Amino acid sequence: MALIVGLPLIFTFLAFAQLSLVEDARLTPTRFIAPAALAVCMLATTWLLQQALPLHDQLLLPLITLLIGWGMAEVGRLAPPVFLQRQTTWMVLGSGALLVVALVPQGLQWLERFRYTWLLLGLSLLGMTFFLGVNPSGTGARLWLGVAGLYFQPSELLKLLMIVFLATYLAERRAALLEVSLRVHRWRIPHPAYLGPLLLMWGFSIILLLWQRDLGAGLLFFAVFLAMFYVATGQGRYVLVSLVLLAGAGAIGYHVFDVVALRVDAWWDPWREASGRSFQIVQALLAFASGGVLGQGLGQGLPSAIPVVHTDFVFAAVGEEYGLIGTLGLVISFMLLVSRAFRIALCCERMFERLLAAGIGSLFGLQSLVIMAGTLKLIPLTGVTLPFVSYGGSSLLVSMVMVGLLVRLSSRPTSPYQSSPAFIQGG
Amino acid sequence: MTTSIMRLTGALLVGFITVAVALVYWQVFRAPELVARADNPRLIQAELRVKRGSLLDRTGMVLAFSAPAHLSDSDQVVFRRHYPELAAAHLVGYYSLRHGTGGCEAVFDATLRGKRTQIEELLHRPQLGEDVTLSVSLAATRAADVALGDHIGALVALDIVSGEILAIVSHPSYDPNRLDNEWERLATDPAAPLLNRATQGVYPVGDLARWIGLAGLLSAGITTPPNPLEVPLEVLLAPLSRMGYLATAHQLGFTKTPLTVLPASPGRLPNFKGKTTERDLAVTPLHMARFIAAVAGDGRMPAVRLERTTTPATMERIFSEYVARTLRNITPKHDEIAGWLGIASPVETGRESLTWFVGYAPTTYPKVAVAVVIEDEDDRLVASSIAHRTLATLLQ
């Protein structure tokens, strides 16, 4: 079963071989450093997890190997060589982090116990970008902190810490949120004393993000919060009310913030300003179109016509060079990843673990949907990365940590993937 | 809680399915329309990678060719068009990403670009075009270019038997190698360097109205005076009504464009209002060259061709052998070259005088017809000397 991880590795090696043949007209050995590093990391991780947690979800690692390998091939294709070096470095760090998170001895209590610490850590790192923030590309939003040549984006870490915080808080206060309620007219709403801290923390992070004009992350936080709140309470009306509020906020933002107006206009009618404000989305759609069903072949299209193609628009680059076959393959991979995460959530017994798995699943699902739908003109475009695939070290590292958590959660003795003696004896 | 997790999973899966449907929409259904959009950079990229065929003169000399060049920001091989012979600029034309194609580059575009099969498309093989051998003679073109010098005007030389264009030169000219850089200036220059005066310049016939009138009189069977070149034009044309003159102009093909592929203009008939006379009929040098080709070719006018060919020309009989012979007999001859000199005065041109020379050579077995027009020039020998120098090269 563990050998499934070999298939995405073969795919990655073939992609790099193709890239080498197209760009150098021969097989250059140095081109294969990155896929070799991926193979070593992923085979080692798989083997170690197989030894330590033989009953973990067997599909998670092959899936993320495919996504990371594909992403590294795209970074090698679309960006200067140093970007691939950085991405590979982050992938190695990410594998280590994945193993550590999955193999911590005492379960996940360490996450639960220090929830406020984690959240404050995330928020203060994000706050630091106000003063110490840099942008590796020189200009643009200063969302990164630089350490020893590697740049880290705290808002990526905050995503994970927010999920952990919400999972612990909602798990603890779920009963209270459901039962202790105020009656306002005909509506029953949770008591402000319980809802308050939640909204406060969440609002604080949203403001921080909006302050930095990181719309994509802001939208994602909102959506993940909503998804976890819904999972915890099972009350659809909060979701409805929140979506109405979101639409209202969008309408206000449209009139107040230029950047929102620009994104909405470019989404509603990109063809009118195809060479101006909606250049990016129009070029993305042209890339999808020129890929057709079979694609142009890696290295043989012109995805570089799309500005910042290697981060926000990697999906369009896949569309041009791998065609519909490739894009549907990516969509199916994300569908599988998300359904595995929710399946793990269903199999967890403890409330915190359920919420944690569901939160991670929601984040993977929503984040990939937001950027895929954005590049396809289904929703206004917001700059978030395609998890695992886009260039972006912090995003890759944090995503791999989250997979580490899923691996850990999936190997609980109570999950139905197994019938270990512990399960039988412990009942 | 299980229910809410299931519902959330379902909602996300619906989202993924929507994305999949959108992918099919853009990558399959809307793809053909989007790929063909003019602002698709892939079209330019594909265009740059086409290795166009060369344009050659009738002896195989290269008039236009494509050579590999490197774009600064990519290592893809792209091709650049070069034009080594500036004398042939108007005939050869230009190939520009920004301004399209002109001249023979436009006429033979399909052949020069070549075609790609589906398999070659799939394998990303570069598109290879075929060479085209034109009928033009580079030597004659160079001679005409030198002879025209700083004069504003044009020359066209035609093979009487095959209808092949042997030379087209128009002054002022331009450098097709620098077209993209100089387009603004060229397009707004009052001297109109981009205009091909040989096929697009419509000039009043002036004195040459006598020869058109004579062709009309002879075709209608009206007796002409014994000294038709000496009687005043009004007296000569009196038996031929104005309608008869216009009918002759139509018969000689002046109301049509002589060439459908190159940019060319039809002639302009006089409306006889005010002071306009038969002399105000306006035609291009190519019209005149075809007229005298018919005179030299026993009344048969060849269809004009740009490509070197071995098939005989399609001939159109426009008047009888008798008319042609009579016109040839009274055409002045000098040094094996027969031809008509003419001046259009400022009355007709609306500016300075212009000079025509329309002739054929050799006088006994005519092979080449030529027409020269020089703007702002009243020395009738200028046009004829340019024609003589070009014909001398052509008949070597």
# chains A, B, ... in the order shown; residues from 1 in each chain; ligands from 1
>>> interface_residues(of="chain A", to="chain B", cutoff="9 Å", atoms="only C-alpha atoms", output="PDB file with C-alpha atoms, in the first residue's frame")
ATOM      1  CA  GLU A  23      14.630  23.531 -22.317  1.00  0.00           C
ATOM      2  CA  ALA A 227     -17.217  26.206   8.415  1.00  0.00           C
ATOM      3  CA  TYR A 230     -21.140  25.231  11.536  1.00  0.00           C
ATOM      4  CA  VAL A 231     -19.480  21.886  12.233  1.00  0.00           C
ATOM      5  CA  ALA A 232     -19.503  22.600  15.958  1.00  0.00           C
ATOM      6  CA  THR A 233     -23.033  23.941  16.275  1.00  0.00           C
ATOM      7  CA  GLY A 234     -24.779  22.438  13.259  1.00  0.00           C
ATOM      8  CA  GLN A 235     -26.803  25.620  12.888  1.00  0.00           C
ATOM      9  CA  GLY A 236     -27.182  26.633   9.266  1.00  0.00           C
ATOM     10  CA  ALA A 274      -8.693  42.956 -21.381  1.00  0.00           C
ATOM     11  CA  SER A 275      -5.394  44.763 -21.850  1.00  0.00           C
ATOM     12  CA  GLN A 283      -4.512  35.980 -19.799  1.00  0.00           C
ATOM     13  CA  LEU A 285      -8.500  32.294 -19.386  1.00  0.00           C
ATOM     14  CA  LEU A 286      -6.496  32.409 -22.626  1.00  0.00           C
ATOM     15  CA  ALA A 287      -4.020  29.982 -21.048  1.00  0.00           C
ATOM     16  CA  PHE A 288      -6.831  27.571 -20.106  1.00  0.00           C
ATOM     17  CA  ALA A 289      -8.269  27.863 -23.611  1.00  0.00           C
ATOM     18  CA  SER A 290      -4.966  27.276 -25.371  1.00  0.00           C
ATOM     19  CA  GLY A 291      -4.430  24.146 -23.296  1.00  0.00           C
ATOM     20  CA  GLY A 292      -7.607  22.531 -24.546  1.00  0.00           C
ATOM     21  CA  VAL A 293      -8.150  18.926 -23.578  1.00  0.00           C
ATOM     22  CA  GLN A 296       0.507  21.952 -24.942  1.00  0.00           C
ATOM     23  CA  GLN A 300       5.788  24.217 -24.579  1.00  0.00           C
ATOM     24  CA  GLY A 301       3.014  26.687 -23.880  1.00  0.00           C
ATOM     25  CA  LEU A 302       3.211  30.355 -23.017  1.00  0.00           C
ATOM     26  CA  ALA A 305       2.191  35.660 -20.394  1.00  0.00           C
ATOM     27  CA  GLY A 319      -4.366  24.255 -17.653  1.00  0.00           C
ATOM     28  CA  GLU A 320      -2.238  25.416 -20.557  1.00  0.00           C
ATOM     29  CA  GLY A 323      -4.827  20.590 -20.518  1.00  0.00           C
ATOM     30  CA  LEU A 324      -8.190  19.594 -19.140  1.00  0.00           C
ATOM     31  CA  THR A 327      -6.671  20.392 -14.338  1.00  0.00           C
ATOM     32  CA  LEU A 328      -9.326  17.762 -13.684  1.00  0.00           C
ATOM     33  CA  VAL A 331      -9.373  18.983  -8.900  1.00  0.00           C
ATOM     34  CA  ILE A 332      -9.831  15.280  -8.185  1.00  0.00           C
ATOM     35  CA  PHE A 334      -7.964  18.056  -3.919  1.00  0.00           C
ATOM     36  CA  MET A 335     -11.385  16.405  -3.708  1.00  0.00           C
ATOM     37  CA  VAL A 338     -10.532  17.055   1.425  1.00  0.00           C
ATOM     38  CA  SER A 339     -12.753  14.000   1.679  1.00  0.00           C
ATOM     39  CA  PHE A 342     -13.436  14.929   6.677  1.00  0.00           C
ATOM     40  CA  ARG A 343     -13.439  11.175   6.866  1.00  0.00           C
ATOM     41  CA  ALA A 345     -12.889  13.982  11.291  1.00  0.00           C
ATOM     42  CA  LEU A 346     -15.837  11.587  11.308  1.00  0.00           C
ATOM     43  CA  ALA A 358     -12.659  19.277   9.885  1.00  0.00           C
ATOM     44  CA  GLY A 361     -10.173  19.832   5.590  1.00  0.00           C
ATOM     45  CA  SER A 362     -12.183  23.044   5.280  1.00  0.00           C
ATOM     46  CA  GLY A 365     -10.974  22.705   0.375  1.00  0.00           C
ATOM     47  CA  LEU A 366     -11.824  26.394   0.630  1.00  0.00           C
ATOM     48  CA  LEU A 369     -11.613  26.383  -4.349  1.00  0.00           C
ATOM     49  CA  MET A 372      -9.267  27.734  -8.700  1.00  0.00           C
ATOM     50  CA  ALA A 373     -12.672  29.414  -8.989  1.00  0.00           C
ATOM     51  CA  LEU A 376     -11.746  30.491 -13.792  1.00  0.00           C
ATOM     52  CA  LYS A 377     -13.792  33.698 -13.351  1.00  0.00           C
ATOM     53  CA  LEU A 378     -16.368  31.940 -11.160  1.00  0.00           C
TER      54      LEU A 378
END
>>> residues_around(residues="A:Ile306", least_positions_apart="2", cutoff="7 Å", atoms="only C-alpha atoms", output="list of chain:residue names")
A:Gln280, A:Gln283, A:Ala284, A:Pro303, A:Ser304, A:Val308, A:Val309
>>> write_last_selection(atoms="C-alpha atoms", output="PDB file, in the first residue's frame")
ATOM      1  CA  GLN A 280      -4.303  38.955 -15.542  1.00  0.00           C
ATOM      2  CA  GLN A 283      -4.512  35.980 -19.799  1.00  0.00           C
ATOM      3  CA  ALA A 284      -5.378  33.146 -17.395  1.00  0.00           C
ATOM      4  CA  PRO A 303       1.913  30.563 -19.419  1.00  0.00           C
ATOM      5  CA  SER A 304       4.558  33.211 -18.704  1.00  0.00           C
ATOM      6  CA  VAL A 308       2.812  36.174 -11.196  1.00  0.00           C
ATOM      7  CA  VAL A 309       1.883  32.871 -12.764  1.00  0.00           C
TER       8      VAL A 309
END
>>> atom_distance(atom1="atom CA of B:Met301", atom2="atom CA of B:Thr257")
13.9 Å
>>> residues_around(residues="stretch 165-170 of chain B", least_positions_apart="5", cutoff="7 Å", atoms="only C-alpha atoms", output="list in words")
Ala87, Ala88, His90, Leu91, Ser135, Val136, Ser137, Ala140, Thr141, Ala144, Asp145, Gly153, Ala154, Leu155, Val156, Ala157, Leu158, Asp159, Asn196, Arg197, Ala198, Val304, Arg305 and Leu306 of chain B
>>> write_last_selection(atoms="C-alpha atoms", output="CSV table (one decimal), in the first residue's frame")
chain,number,residue,atom,x,y,z
B,87,ALA,CA,15.0,49.1,-54.8
B,88,ALA,CA,12.2,46.5,-54.9
B,90,HIS,CA,7.2,48.5,-53.2
B,91,LEU,CA,6.8,45.3,-55.2
B,135,SER,CA,8.6,37.5,-62.2
B,136,VAL,CA,10.4,40.7,-61.4
B,137,SER,CA,14.0,41.2,-62.6
B,140,ALA,CA,16.0,46.0,-64.2
B,141,THR,CA,14.5,47.1,-60.8
B,144,ALA,CA,15.0,51.8,-62.8
B,145,ASP,CA,15.6,52.8,-59.1
B,153,GLY,CA,7.2,59.1,-59.8
B,154,ALA,CA,7.0,55.5,-60.8
B,155,LEU,CA,8.0,52.9,-63.4
B,156,VAL,CA,6.3,49.7,-64.4
B,157,ALA,CA,7.7,47.2,-66.9
B,158,LEU,CA,5.7,44.3,-68.3
B,159,ASP,CA,6.4,41.3,-70.4
B,196,ASN,CA,2.9,52.3,-54.8
B,197,ARG,CA,2.6,55.0,-57.5
B,198,ALA,CA,2.9,52.4,-60.3
B,304,VAL,CA,-0.8,40.9,-65.2
B,305,ARG,CA,1.1,38.3,-63.2
B,306,LEU,CA,3.6,38.6,-60.4
>>> residues_around(residues="B:Gly201", least_positions_apart="5", cutoff="12 Å", atoms="only C-alpha atoms", output="PyMOL selection string")
chain B and resi 152-156+170-171+191-196+257+263-268+282-288+372-375
>>> select_by_dssp(residues="stretch 298-396 of chain B", states="strand (DSSP E or B)", output="PyMOL selection string")
chain B and resi 300-302+305+307+315-317+333-334+337-344+354-361+368-374
>>> write_last_selection(atoms="N, CA, C and O atoms", output="CSV table (one decimal), in the first residue's frame")
chain,number,residue,atom,x,y,z
B,300,ARG,N,-3.9,42.3,-78.3
B,300,ARG,CA,-4.3,41.5,-77.2
B,300,ARG,C,-3.6,41.9,-75.9
B,300,ARG,O,-2.4,42.1,-75.9
B,301,MET,N,-4.4,42.1,-74.9
B,301,MET,CA,-3.9,42.6,-73.6
B,301,MET,C,-3.7,41.5,-72.6
B,301,MET,O,-4.6,40.7,-72.4
B,302,PRO,N,-2.4,41.3,-72.1
B,302,PRO,CA,-2.2,40.2,-71.2
B,302,PRO,C,-2.7,40.5,-69.8
B,302,PRO,O,-2.7,41.6,-69.4
B,305,ARG,N,0.7,39.4,-64.1
B,305,ARG,CA,1.1,38.3,-63.2
B,305,ARG,C,2.4,38.7,-62.4
B,305,ARG,O,3.2,39.4,-63.0
B,307,GLU,N,4.1,36.3,-60.5
B,307,GLU,CA,5.0,35.1,-60.2
B,307,GLU,C,5.6,34.6,-61.5
B,307,GLU,O,5.0,34.7,-62.6
B,315,MET,N,-5.0,36.1,-72.5
B,315,MET,CA,-5.0,37.4,-73.3
B,315,MET,C,-6.5,37.8,-73.5
B,315,MET,O,-7.4,37.0,-73.7
B,316,GLU,N,-6.6,39.1,-73.5
B,316,GLU,CA,-8.0,39.7,-73.7
B,316,GLU,C,-7.8,40.6,-75.0
B,316,GLU,O,-7.0,41.5,-75.0
B,317,ARG,N,-8.6,40.3,-76.0
B,317,ARG,CA,-8.5,41.1,-77.2
B,317,ARG,C,-9.3,42.4,-77.0
B,317,ARG,O,-10.5,42.4,-76.7
B,333,LYS,N,9.8,56.3,-83.0
B,333,LYS,CA,10.7,55.3,-82.6
B,333,LYS,C,12.1,55.9,-82.5
B,333,LYS,O,12.5,56.8,-83.2
B,334,HIS,N,12.9,55.4,-81.6
B,334,HIS,CA,14.2,55.9,-81.3
B,334,HIS,C,15.1,54.8,-80.7
B,334,HIS,O,14.7,54.3,-79.6
B,337,ILE,N,13.5,51.6,-79.5
B,337,ILE,CA,12.4,51.8,-78.6
B,337,ILE,C,11.4,52.6,-79.2
B,337,ILE,O,11.6,53.7,-79.7
B,338,ALA,N,10.1,52.1,-79.1
B,338,ALA,CA,9.0,52.9,-79.6
B,338,ALA,C,8.2,53.4,-78.4
B,338,ALA,O,8.1,52.7,-77.4
B,339,GLY,N,7.7,54.7,-78.5
B,339,GLY,CA,6.9,55.1,-77.4
B,339,GLY,C,6.3,56.5,-77.5
B,339,GLY,O,6.6,57.2,-78.5
B,340,TRP,N,5.4,56.8,-76.6
B,340,TRP,CA,4.7,58.0,-76.6
B,340,TRP,C,5.1,58.9,-75.5
B,340,TRP,O,5.2,58.5,-74.3
B,341,LEU,N,5.4,60.2,-75.8
B,341,LEU,CA,5.7,61.1,-74.7
B,341,LEU,C,4.5,62.0,-74.5
B,341,LEU,O,3.7,62.2,-75.4
B,342,GLY,N,4.3,62.4,-73.3
B,342,GLY,CA,3.2,63.2,-73.0
B,342,GLY,C,3.4,64.0,-71.8
B,342,GLY,O,4.1,63.7,-70.9
B,343,ILE,N,2.7,65.2,-71.7
B,343,ILE,CA,2.7,66.0,-70.6
B,343,ILE,C,1.3,66.3,-70.1
B,343,ILE,O,0.4,66.5,-71.0
B,344,ALA,N,1.1,66.2,-68.8
B,344,ALA,CA,-0.2,66.7,-68.3
B,344,ALA,C,0.1,68.0,-67.7
B,344,ALA,O,1.0,68.1,-66.8
B,354,LEU,N,3.1,67.1,-65.1
B,354,LEU,CA,3.8,65.8,-65.0
B,354,LEU,C,4.1,65.2,-66.3
B,354,LEU,O,3.4,65.5,-67.3
B,355,THR,N,5.1,64.3,-66.4
B,355,THR,CA,5.6,63.8,-67.7
B,355,THR,C,5.3,62.3,-67.7
B,355,THR,O,5.6,61.6,-66.8
B,356,TRP,N,4.8,61.9,-68.9
B,356,TRP,CA,4.6,60.5,-69.2
B,356,TRP,C,5.6,60.0,-70.2
B,356,TRP,O,5.9,60.7,-71.2
B,357,PHE,N,6.1,58.7,-70.1
B,357,PHE,CA,6.6,58.0,-71.3
B,357,PHE,C,6.0,56.6,-71.2
B,357,PHE,O,6.1,55.9,-70.2
B,358,VAL,N,5.4,56.2,-72.3
B,358,VAL,CA,4.8,54.9,-72.4
B,358,VAL,C,5.3,54.3,-73.7
B,358,VAL,O,5.2,54.9,-74.8
B,359,GLY,N,6.0,53.1,-73.6
B,359,GLY,CA,6.6,52.6,-74.8
B,359,GLY,C,6.8,51.1,-74.8
B,359,GLY,O,6.4,50.4,-73.8
B,360,TYR,N,7.4,50.6,-75.9
B,360,TYR,CA,7.7,49.2,-75.9
B,360,TYR,C,9.0,49.0,-76.6
B,360,TYR,O,9.5,49.8,-77.4
B,361,ALA,N,9.6,47.8,-76.5
B,361,ALA,CA,10.9,47.5,-77.2
B,361,ALA,C,11.0,46.0,-77.3
B,361,ALA,O,10.4,45.3,-76.5
B,368,VAL,N,8.8,43.9,-74.3
B,368,VAL,CA,8.6,44.5,-73.1
B,368,VAL,C,7.8,45.8,-73.3
B,368,VAL,O,8.1,46.6,-74.2
B,369,ALA,N,6.8,46.0,-72.4
B,369,ALA,CA,6.1,47.3,-72.4
B,369,ALA,C,6.5,48.0,-71.1
B,369,ALA,O,6.8,47.4,-70.1
B,370,VAL,N,6.6,49.4,-71.2
B,370,VAL,CA,7.0,50.1,-70.0
B,370,VAL,C,6.2,51.4,-69.9
B,370,VAL,O,5.7,51.9,-70.9
B,371,ALA,N,5.9,51.8,-68.7
B,371,ALA,CA,5.2,53.1,-68.5
B,371,ALA,C,6.0,53.8,-67.4
B,371,ALA,O,6.3,53.2,-66.4
B,372,VAL,N,6.3,55.1,-67.6
B,372,VAL,CA,6.9,55.9,-66.6
B,372,VAL,C,6.1,57.2,-66.4
B,372,VAL,O,5.7,57.8,-67.4
B,373,VAL,N,6.0,57.6,-65.1
B,373,VAL,CA,5.3,58.9,-64.9
B,373,VAL,C,6.2,59.6,-63.9
B,373,VAL,O,6.8,59.0,-62.9
B,374,ILE,N,6.5,60.9,-64.1
B,374,ILE,CA,7.3,61.7,-63.2
B,374,ILE,C,6.4,62.9,-62.8
B,374,ILE,O,5.9,63.7,-63.7
>>> atom_distance(atom1="atom CA of A:Arg113", atom2="atom CA of A:Pro54")
27.0 Å
>>> residues_around(residues="B:His82", least_positions_apart="6", cutoff="7 Å", atoms="only C-alpha atoms", output="number ranges by chain")
B: 64-66, 177
>>> residues_around(residues="A:Leu356", least_positions_apart="3", cutoff="8 Å", atoms="only C-alpha atoms", output="list in words")
Ile163, Val164, Ala167, Ala345, Phe352, Glu353, Gly359 and Ile360 of chain A
>>> write_last_selection(atoms="all heavy atoms", output="PDB file, in the first residue's frame")
ATOM      1  N   ILE A 163      -7.083  27.703  13.342  1.00  0.00           N
ATOM      2  CA  ILE A 163      -7.862  26.456  13.332  1.00  0.00           C
ATOM      3  C   ILE A 163      -7.709  25.741  14.675  1.00  0.00           C
ATOM      4  O   ILE A 163      -8.688  25.275  15.266  1.00  0.00           O
ATOM      5  CB  ILE A 163      -7.413  25.550  12.163  1.00  0.00           C
ATOM      6  CG1 ILE A 163      -7.846  26.159  10.837  1.00  0.00           C
ATOM      7  CG2 ILE A 163      -7.982  24.143  12.316  1.00  0.00           C
ATOM      8  CD1 ILE A 163      -7.307  25.440   9.632  1.00  0.00           C
ATOM      9  N   VAL A 164      -6.464  25.695  15.186  1.00  0.00           N
ATOM     10  CA  VAL A 164      -6.224  25.045  16.483  1.00  0.00           C
ATOM     11  C   VAL A 164      -7.021  25.754  17.574  1.00  0.00           C
ATOM     12  O   VAL A 164      -7.716  25.118  18.375  1.00  0.00           O
ATOM     13  CB  VAL A 164      -4.720  25.048  16.810  1.00  0.00           C
ATOM     14  CG1 VAL A 164      -4.491  24.560  18.229  1.00  0.00           C
ATOM     15  CG2 VAL A 164      -3.965  24.182  15.818  1.00  0.00           C
ATOM     16  N   ALA A 167     -10.714  25.118  17.213  1.00  0.00           N
ATOM     17  CA  ALA A 167     -11.043  23.733  17.545  1.00  0.00           C
ATOM     18  C   ALA A 167     -11.098  23.537  19.065  1.00  0.00           C
ATOM     19  O   ALA A 167     -12.042  22.946  19.589  1.00  0.00           O
ATOM     20  CB  ALA A 167     -10.033  22.784  16.907  1.00  0.00           C
ATOM     21  N   ALA A 345     -12.109  13.250  10.285  1.00  0.00           N
ATOM     22  CA  ALA A 345     -12.889  13.982  11.291  1.00  0.00           C
ATOM     23  C   ALA A 345     -14.031  13.110  11.814  1.00  0.00           C
ATOM     24  O   ALA A 345     -14.289  13.054  13.022  1.00  0.00           O
ATOM     25  CB  ALA A 345     -13.438  15.270  10.683  1.00  0.00           C
ATOM     26  N   PHE A 352     -12.378  17.924  20.103  1.00  0.00           N
ATOM     27  CA  PHE A 352     -11.281  18.759  19.628  1.00  0.00           C
ATOM     28  C   PHE A 352     -10.666  18.187  18.353  1.00  0.00           C
ATOM     29  O   PHE A 352     -10.415  18.897  17.382  1.00  0.00           O
ATOM     30  CB  PHE A 352     -10.217  18.889  20.734  1.00  0.00           C
ATOM     31  CG  PHE A 352      -8.888  19.361  20.214  1.00  0.00           C
ATOM     32  CD1 PHE A 352      -8.732  20.678  19.750  1.00  0.00           C
ATOM     33  CD2 PHE A 352      -7.779  18.511  20.172  1.00  0.00           C
ATOM     34  CE1 PHE A 352      -7.504  21.103  19.275  1.00  0.00           C
ATOM     35  CE2 PHE A 352      -6.560  18.938  19.686  1.00  0.00           C
ATOM     36  CZ  PHE A 352      -6.430  20.237  19.241  1.00  0.00           C
ATOM     37  N   GLU A 353     -10.473  16.884  18.356  1.00  0.00           N
ATOM     38  CA  GLU A 353      -9.821  16.261  17.205  1.00  0.00           C
ATOM     39  C   GLU A 353     -10.705  16.315  15.965  1.00  0.00           C
ATOM     40  O   GLU A 353     -10.245  16.562  14.859  1.00  0.00           O
ATOM     41  CB  GLU A 353      -9.436  14.826  17.541  1.00  0.00           C
ATOM     42  CG  GLU A 353      -8.315  14.801  18.566  1.00  0.00           C
ATOM     43  CD  GLU A 353      -8.052  13.417  19.127  1.00  0.00           C
ATOM     44  OE1 GLU A 353      -8.855  12.505  18.815  1.00  0.00           O
ATOM     45  OE2 GLU A 353      -7.065  13.248  19.869  1.00  0.00           O
ATOM     46  N   GLY A 359     -11.490  21.340  10.437  1.00  0.00           N
ATOM     47  CA  GLY A 359     -10.952  22.664  10.120  1.00  0.00           C
ATOM     48  C   GLY A 359      -9.874  22.586   9.049  1.00  0.00           C
ATOM     49  O   GLY A 359      -9.857  23.393   8.105  1.00  0.00           O
ATOM     50  N   ILE A 360      -8.987  21.607   9.185  1.00  0.00           N
ATOM     51  CA  ILE A 360      -7.920  21.456   8.191  1.00  0.00           C
ATOM     52  C   ILE A 360      -8.522  21.103   6.827  1.00  0.00           C
ATOM     53  O   ILE A 360      -8.146  21.661   5.796  1.00  0.00           O
ATOM     54  CB  ILE A 360      -6.909  20.385   8.662  1.00  0.00           C
ATOM     55  CG1 ILE A 360      -6.141  20.904   9.869  1.00  0.00           C
ATOM     56  CG2 ILE A 360      -5.949  20.016   7.542  1.00  0.00           C
ATOM     57  CD1 ILE A 360      -5.297  19.848  10.570  1.00  0.00           C
TER      58      ILE A 360
END
>>> residues_around(residues="A:Gly297", least_positions_apart="2", cutoff="6 Å", atoms="only C-alpha atoms", output="VMD selection string")
chain A and resid 295 300 321 to 322
>>> atom_distance(atom1="atom CA of B:Ala296", atom2="atom CA of B:Gln200")
23.9 Å
>>> select_by_dssp(residues="stretch 237-276 of chain B", states="helix (DSSP H, G or I)", output="JSON, numbers by chain")
{"B": [237, 242, 243, 244, 245, 246, 247, 248, 249, 250, 251]}
>>> closest_residue(among="B:Ala249, B:Ala143, B:Ile292, B:Ile330", to="B:Pro226", atoms="only C-alpha atoms")
B:Ile330
>>> decode(residues="stretch 324-335 of chain A", atoms="N, CA and C atoms", output="PDB file, in the first residue's frame")
ATOM      1  N   LEU A 324      -7.057  19.940 -19.999  1.00  0.00           N
ATOM      2  CA  LEU A 324      -8.190  19.594 -19.140  1.00  0.00           C
ATOM      3  C   LEU A 324      -7.879  18.346 -18.315  1.00  0.00           C
ATOM      4  N   ILE A 325      -7.143  17.434 -18.917  1.00  0.00           N
ATOM      5  CA  ILE A 325      -6.772  16.204 -18.201  1.00  0.00           C
ATOM      6  C   ILE A 325      -6.014  16.560 -16.917  1.00  0.00           C
ATOM      7  N   GLY A 326      -5.065  17.492 -17.038  1.00  0.00           N
ATOM      8  CA  GLY A 326      -4.279  17.896 -15.877  1.00  0.00           C
ATOM      9  C   GLY A 326      -5.099  18.640 -14.849  1.00  0.00           C
ATOM     10  N   THR A 327      -5.918  19.591 -15.308  1.00  0.00           N
ATOM     11  CA  THR A 327      -6.671  20.392 -14.338  1.00  0.00           C
ATOM     12  C   THR A 327      -7.698  19.534 -13.615  1.00  0.00           C
ATOM     13  N   LEU A 328      -8.361  18.644 -14.360  1.00  0.00           N
ATOM     14  CA  LEU A 328      -9.326  17.762 -13.684  1.00  0.00           C
ATOM     15  C   LEU A 328      -8.592  16.843 -12.716  1.00  0.00           C
ATOM     16  N   GLY A 329      -7.377  16.439 -13.092  1.00  0.00           N
ATOM     17  CA  GLY A 329      -6.574  15.615 -12.189  1.00  0.00           C
ATOM     18  C   GLY A 329      -6.295  16.341 -10.883  1.00  0.00           C
ATOM     19  N   LEU A 330      -5.958  17.631 -10.986  1.00  0.00           N
ATOM     20  CA  LEU A 330      -5.706  18.418  -9.778  1.00  0.00           C
ATOM     21  C   LEU A 330      -6.978  18.538  -8.940  1.00  0.00           C
ATOM     22  N   VAL A 331      -8.107  18.825  -9.624  1.00  0.00           N
ATOM     23  CA  VAL A 331      -9.373  18.983  -8.900  1.00  0.00           C
ATOM     24  C   VAL A 331      -9.697  17.693  -8.147  1.00  0.00           C
ATOM     25  N   ILE A 332      -9.514  16.563  -8.827  1.00  0.00           N
ATOM     26  CA  ILE A 332      -9.831  15.280  -8.185  1.00  0.00           C
ATOM     27  C   ILE A 332      -8.882  15.030  -7.002  1.00  0.00           C
ATOM     28  N   SER A 333      -7.589  15.382  -7.164  1.00  0.00           N
ATOM     29  CA  SER A 333      -6.649  15.206  -6.050  1.00  0.00           C
ATOM     30  C   SER A 333      -7.095  15.996  -4.825  1.00  0.00           C
ATOM     31  N   PHE A 334      -7.516  17.249  -5.058  1.00  0.00           N
ATOM     32  CA  PHE A 334      -7.964  18.056  -3.919  1.00  0.00           C
ATOM     33  C   PHE A 334      -9.265  17.502  -3.332  1.00  0.00           C
ATOM     34  N   MET A 335     -10.154  17.017  -4.211  1.00  0.00           N
ATOM     35  CA  MET A 335     -11.385  16.405  -3.708  1.00  0.00           C
ATOM     36  C   MET A 335     -11.054  15.236  -2.789  1.00  0.00           C
TER      37      MET A 335
END
